[in-house]
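Asker: To start, I am sharing the structure in question, which I have written as structure tokens.
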There are 2 protein chains.
Amino acid sequence: MEEKRIETEAPRARVEIAEIGAAEFGLVWPIFRAVVAAGDTYAYDPETTYDQARDLWTRPPARCFVAREGGEVVGAYCLKPNQPGLGDHVANAGYMVAPAARRRGIAGTLCAHSLDTARAGGFRAMQFNFVAVSNESAVRLWQRHGFAVVGRVPAAFRHRRLGPTDVLVMHRFL
Amino acid sequence: MEEKRIETEAPRARVEIAEIGAAEFGLVWPIFRAVVAAGDTYAYDPETTYDQARDLWTRPPARCFVAREGGEVVGAYCLKPNQPGLGDHVANAGYMVAPAARRRGIAGTLCAHSLDTARAGGFRAMQFNFVAVSNESAVRLWQRHGFAVVGRVPAAFRHRRLGPTDVLVMHRFL
């Protein structure tokens, strides 16, 4: 029985998502650093400093949200307008999940939360500008959350392992 | 004969293009303000301040170039990486032509100069993220300069006259 329990999914603690301010970005930083160091999803320079990352993810109009599971930070996302002024009805979001918390649906939970938050904030659509085609599980996940591929930019990402990699533009209305 | 001469193109003064620093952004500002106020090409908030515009167009890694014709500023462009870090091999550029200097090929001259500058700066490609489909002459001009449409984002631009307008993503290698 013990083995069988191990093979099934671990019982999930409830994931709680809350907005944070710049002063709390330390909660996100270990995840941000790990994700960026991998160089397989985000364009951010692997040498991005704490201050740069904090500004990117918390300086208004950017808003930062943290997911906790049993008190532990398991993921975070950043929500902001994709363009200024006459394009600021379209949101943009970026999601990061702690390496130890992957494959448990947290990215999907973050995405669903960000769509609700964007809708509540008056956005009319959401756009991702830089989804590496190599990140197949992410592409499928965003599609399940209603996003369509609306563009493909050749070789726009220098993937650390794979080299020049195409990047998708994805979009959905809210 | 007089009518016929009027129908031909006016003789062009030589357009000279030079890089400027933040302190010289006043040269660009009247054009920037006029273009943004029209609300038919750029997403920039029509209320963008001088300081905001100057930072957007001159703060490194952004570089700003001004085109003069007989001493008069007729256009400008901004060149910068389209993404940070692992995406910074792709340039992005934005061009503005003074209302009084339109339909004289200055946008094309700016574009050609920016492609040379980007190439010299080590960029491998150039990407435009936000070309309004309504700006048909610009779309054709960029195509003549080697750009292909690689994406189309529905209703991403609140065009001041036309309302919700699709936006093209355009790209070319250098």
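Identifiers in this document derive from the order of the structure tokens: chains are assigned A, B, ..., residues are numbered from 1 separately in each chain, and ligands are numbered from 1 in order of occurrence.
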So which bits of chain B end up strand (DSSP E or B) when you DSSP the backbone, as JSON, numbers by chain?
Answerer: {"B": [15, 16, 17, 18, 19, 20, 63, 64, 65, 66, 67, 68, 69, 72, 73, 74, 75, 76, 77, 78, 79, 80, 81, 90, 91, 92, 93, 94, 95, 96, 97, 125, 126, 127, 128, 129, 130, 131, 132, 148, 149, 150, 151, 152, 153, 154, 155, 156, 157, 158, 159, 163, 164, 165, 166, 167, 168, 169, 170, 171, 172, 173]}
Asker: Would you mind listing, for every residue of chain A within 7 Å of chain B, the two atoms forming the shortest contact and the distance between them in Å to one decimal, using only C-alpha atoms, sorted by chain and ascending residue number, as CSV?
Answerer:
residue,atom,partner,partner_atom,distance
A:Ala43,CA,B:Leu86,CA,4.5
A:Tyr44,CA,B:Gly85,CA,4.9
A:Asp45,CA,B:Gly85,CA,3.7
A:Gln83,CA,B:Ala43,CA,6.6
A:Pro84,CA,B:Tyr44,CA,5.4
A:Gly85,CA,B:Asp45,CA,3.7
A:Leu86,CA,B:Ala43,CA,4.5
A:Gly87,CA,B:Phe157,CA,5.1
A:Val90,CA,B:Ala156,CA,6.5
A:Val150,CA,B:Gly151,CA,5.5
A:Gly151,CA,B:Gly151,CA,3.6
A:Arg152,CA,B:Val150,CA,5.7
A:Val153,CA,B:Val150,CA,6.2
A:Ala156,CA,B:Gly87,CA,5.8
A:Phe157,CA,B:Gly87,CA,5.1
A:Arg158,CA,B:Leu86,CA,5.1
Asker: Take the residues from that selection and write them out as a compact mmCIF listing (two decimals), in the first residue's frame, keeping all heavy atoms.
Answerer:
# COMPACT_ATOMS: atom_id res chain seq x y z
N ALA A 43 14.12 35.39 -21.56
CA ALA A 43 15.24 36.09 -22.16
C ALA A 43 16.10 36.80 -21.11
O ALA A 43 17.25 37.12 -21.38
CB ALA A 43 14.74 37.11 -23.18
N TYR A 44 15.54 37.06 -19.93
CA TYR A 44 16.30 37.80 -18.91
C TYR A 44 17.75 37.33 -18.85
O TYR A 44 18.02 36.12 -18.78
CB TYR A 44 15.70 37.59 -17.52
CG TYR A 44 14.31 38.13 -17.33
CD1 TYR A 44 13.32 37.33 -16.75
CD2 TYR A 44 13.97 39.43 -17.68
CE1 TYR A 44 12.03 37.81 -16.54
CE2 TYR A 44 12.68 39.92 -17.47
CZ TYR A 44 11.72 39.10 -16.90
OH TYR A 44 10.45 39.56 -16.70
N ASP A 45 18.65 38.29 -18.79
CA ASP A 45 20.06 37.99 -18.62
C ASP A 45 20.25 37.13 -17.37
O ASP A 45 19.76 37.49 -16.29
CB ASP A 45 20.82 39.33 -18.47
CG ASP A 45 22.32 39.15 -18.48
OD1 ASP A 45 22.81 38.05 -18.12
OD2 ASP A 45 23.01 40.10 -18.85
N GLN A 83 1.73 47.06 -23.53
CA GLN A 83 2.16 48.29 -24.20
C GLN A 83 1.67 49.47 -23.36
O GLN A 83 0.78 49.31 -22.54
CB GLN A 83 1.54 48.39 -25.61
CG GLN A 83 2.00 47.34 -26.59
CD GLN A 83 3.39 47.59 -27.13
OE1 GLN A 83 3.94 48.69 -27.01
NE2 GLN A 83 3.99 46.56 -27.72
N PRO A 84 2.23 50.65 -23.58
CA PRO A 84 1.70 51.84 -22.90
C PRO A 84 0.44 52.33 -23.61
O PRO A 84 0.00 51.74 -24.60
CB PRO A 84 2.84 52.84 -23.04
CG PRO A 84 3.49 52.48 -24.34
CD PRO A 84 3.36 50.97 -24.45
N GLY A 85 -0.11 53.41 -23.09
CA GLY A 85 -1.13 54.22 -23.75
C GLY A 85 -2.20 53.48 -24.52
O GLY A 85 -3.06 52.81 -23.94
N LEU A 86 -2.14 53.59 -25.83
CA LEU A 86 -3.21 53.09 -26.69
C LEU A 86 -3.12 51.57 -26.90
O LEU A 86 -3.88 51.01 -27.69
CB LEU A 86 -3.20 53.82 -28.03
CG LEU A 86 -3.29 55.35 -27.91
CD1 LEU A 86 -3.21 56.01 -29.28
CD2 LEU A 86 -4.57 55.76 -27.19
N GLY A 87 -2.22 50.93 -26.17
CA GLY A 87 -2.14 49.47 -26.20
C GLY A 87 -2.27 48.88 -24.81
O GLY A 87 -2.10 47.66 -24.64
N VAL A 90 -4.24 45.56 -23.29
CA VAL A 90 -3.75 44.19 -23.43
C VAL A 90 -2.72 43.94 -22.33
O VAL A 90 -1.74 44.67 -22.21
CB VAL A 90 -3.10 43.96 -24.81
CG1 VAL A 90 -2.60 42.52 -24.94
CG2 VAL A 90 -4.07 44.30 -25.93
N VAL A 150 -0.34 33.51 -32.27
CA VAL A 150 -0.62 34.53 -33.28
C VAL A 150 0.63 35.01 -34.00
O VAL A 150 0.57 35.87 -34.87
CB VAL A 150 -1.38 35.74 -32.67
CG1 VAL A 150 -2.73 35.32 -32.12
CG2 VAL A 150 -0.54 36.43 -31.60
N GLY A 151 1.77 34.45 -33.62
CA GLY A 151 3.00 34.84 -34.29
C GLY A 151 4.14 33.91 -33.92
O GLY A 151 4.07 33.19 -32.92
N ARG A 152 5.15 33.90 -34.77
CA ARG A 152 6.34 33.08 -34.51
C ARG A 152 7.56 33.83 -35.03
O ARG A 152 7.67 34.09 -36.24
CB ARG A 152 6.20 31.73 -35.22
CG ARG A 152 7.40 30.80 -34.96
CD ARG A 152 7.16 29.44 -35.58
NE ARG A 152 8.27 28.55 -35.36
CZ ARG A 152 8.17 27.28 -34.93
NH1 ARG A 152 6.99 26.75 -34.71
NH2 ARG A 152 9.25 26.55 -34.75
N VAL A 153 8.48 34.17 -34.13
CA VAL A 153 9.66 34.94 -34.49
C VAL A 153 10.85 33.99 -34.56
O VAL A 153 11.19 33.34 -33.57
CB VAL A 153 9.93 36.06 -33.46
CG1 VAL A 153 11.05 36.96 -33.98
CG2 VAL A 153 8.67 36.86 -33.18
N ALA A 156 14.66 33.97 -32.16
CA ALA A 156 14.72 35.16 -31.30
C ALA A 156 15.26 34.86 -29.90
O ALA A 156 15.51 35.78 -29.13
CB ALA A 156 13.33 35.79 -31.20
N PHE A 157 15.44 33.59 -29.59
CA PHE A 157 15.88 33.19 -28.25
C PHE A 157 17.17 32.38 -28.35
O PHE A 157 17.21 31.37 -29.06
CB PHE A 157 14.78 32.36 -27.58
CG PHE A 157 15.07 31.90 -26.18
CD1 PHE A 157 15.75 32.69 -25.27
CD2 PHE A 157 14.63 30.64 -25.75
CE1 PHE A 157 15.99 32.26 -23.97
CE2 PHE A 157 14.87 30.20 -24.45
CZ PHE A 157 15.55 31.01 -23.57
N ARG A 158 18.19 32.82 -27.65
CA ARG A 158 19.43 32.03 -27.57
C ARG A 158 19.31 31.07 -26.40
O ARG A 158 19.83 31.32 -25.30
CB ARG A 158 20.64 32.96 -27.42
CG ARG A 158 20.79 33.97 -28.57
CD ARG A 158 22.18 34.60 -28.61
NE ARG A 158 22.62 35.17 -27.35
CZ ARG A 158 22.27 36.37 -26.89
NH1 ARG A 158 21.44 37.14 -27.59
NH2 ARG A 158 22.73 36.81 -25.74
Asker: Between A:Val15, A:Val35, A:Val28, A:Val97, which residue has the minimum interatomic distance to Gly75 of chain A, considering only C-alpha atoms?
Answerer: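 Ranked by minimum distance to Gly75 of chain A, first place goes to A:Val97.
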Asker: When DSSP is applied to the backbone of this structure, which of segment 22-92 of chain A are assigned helix (DSSP H, G or I)? Write them out as a list in words.
Answerer: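 Checking each residue of segment 22-92 of chain A, the helix (DSSP H, G or I) ones are Ala22, Ala23, Glu24, Phe25, Gly26, Leu27, Trp29, Pro30, Ile31, Phe32, Arg33, Ala34, Val35, Val36, Ala37, Ala38, Tyr50, Asp51, Gln52, Ala53, Arg54, Asp55, Leu56, Trp57, Thr58, Gly85, Leu86 and Gly87 of chain A.
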Asker: Using only C-alpha atoms, which residues sit within 7 Å of segment 100-116 of chain A once same-chain residues fewer than 2 positions away are excluded, as a ChimeraX atom specification?
Answerer: /A:74,77,95,97-98,118-120,141
Asker: Take the residues from that selection and put them in a file with N, CA and C atoms, as a short mmCIF file (atom, residue, chain, number, x, y, z; two decimals), in the first residue's frame.
Answerer:
data_model
loop_
_atom_site.label_atom_id
_atom_site.label_comp_id
_atom_site.auth_asym_id
_atom_site.auth_seq_id
_atom_site.Cartn_x
_atom_site.Cartn_y
_atom_site.Cartn_z
N VAL A 74 5.95 28.70 -3.84
CA VAL A 74 6.14 27.70 -4.90
C VAL A 74 6.11 28.32 -6.30
N TYR A 77 3.98 35.28 -10.25
CA TYR A 77 3.79 35.83 -11.59
C TYR A 77 3.80 37.34 -11.55
N TYR A 95 5.25 33.90 -15.69
CA TYR A 95 5.04 32.97 -14.58
C TYR A 95 6.34 32.25 -14.28
N VAL A 97 7.76 28.98 -11.64
CA VAL A 97 7.47 27.96 -10.62
C VAL A 97 8.79 27.48 -10.04
N ALA A 98 8.82 27.32 -8.73
CA ALA A 98 10.03 26.83 -8.07
C ALA A 98 10.40 25.46 -8.62
N ALA A 118 -6.37 40.07 -14.35
CA ALA A 118 -6.32 40.97 -15.51
C ALA A 118 -7.72 41.45 -15.87
N ARG A 119 -8.66 40.52 -15.87
CA ARG A 119 -10.05 40.86 -16.19
C ARG A 119 -10.58 41.88 -15.17
N ALA A 120 -10.32 41.60 -13.90
CA ALA A 120 -10.79 42.50 -12.83
C ALA A 120 -10.13 43.87 -12.95
N LEU A 141 0.02 24.22 -22.26
CA LEU A 141 -0.70 24.73 -21.09
C LEU A 141 -1.41 26.04 -21.42
#
Asker: For Phe25 of chain B, work out the shell of residues within 8 Å, counting only C-alpha atoms and skipping chain neighbours fewer than 4 positions away, then give it as a CSV table (one decimal) with N, CA and C atoms, in the first residue's frame.
Answerer:
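The resulting file, selection_36.csv, is reproduced below:
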chain,number,residue,atom,x,y,z
B,20,ILE,N,22.3,61.2,-31.4
B,20,ILE,CA,22.3,62.3,-30.4
B,20,ILE,C,22.2,61.6,-29.0
B,21,GLY,N,22.5,62.5,-28.0
B,21,GLY,CA,22.4,62.0,-26.6
B,21,GLY,C,21.1,62.6,-26.0
B,29,TRP,N,11.7,66.1,-29.9
B,29,TRP,CA,10.4,66.3,-29.1
B,29,TRP,C,9.3,66.8,-30.0
B,54,ARG,N,12.1,61.2,-23.6
B,54,ARG,CA,13.6,61.2,-23.7
B,54,ARG,C,14.2,59.9,-23.1
B,58,THR,N,16.4,57.6,-25.5
B,58,THR,CA,17.8,57.9,-25.4
B,58,THR,C,18.5,57.1,-24.2
Asker: Calculate how many Å separate atom CA of Arg161 of chain B from atom CA of Val133 of chain B, rounding to one decimal.
Answerer: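 Straight-line distance from atom CA of Arg161 of chain B to atom CA of Val133 of chain B works out to 13.5 Å.
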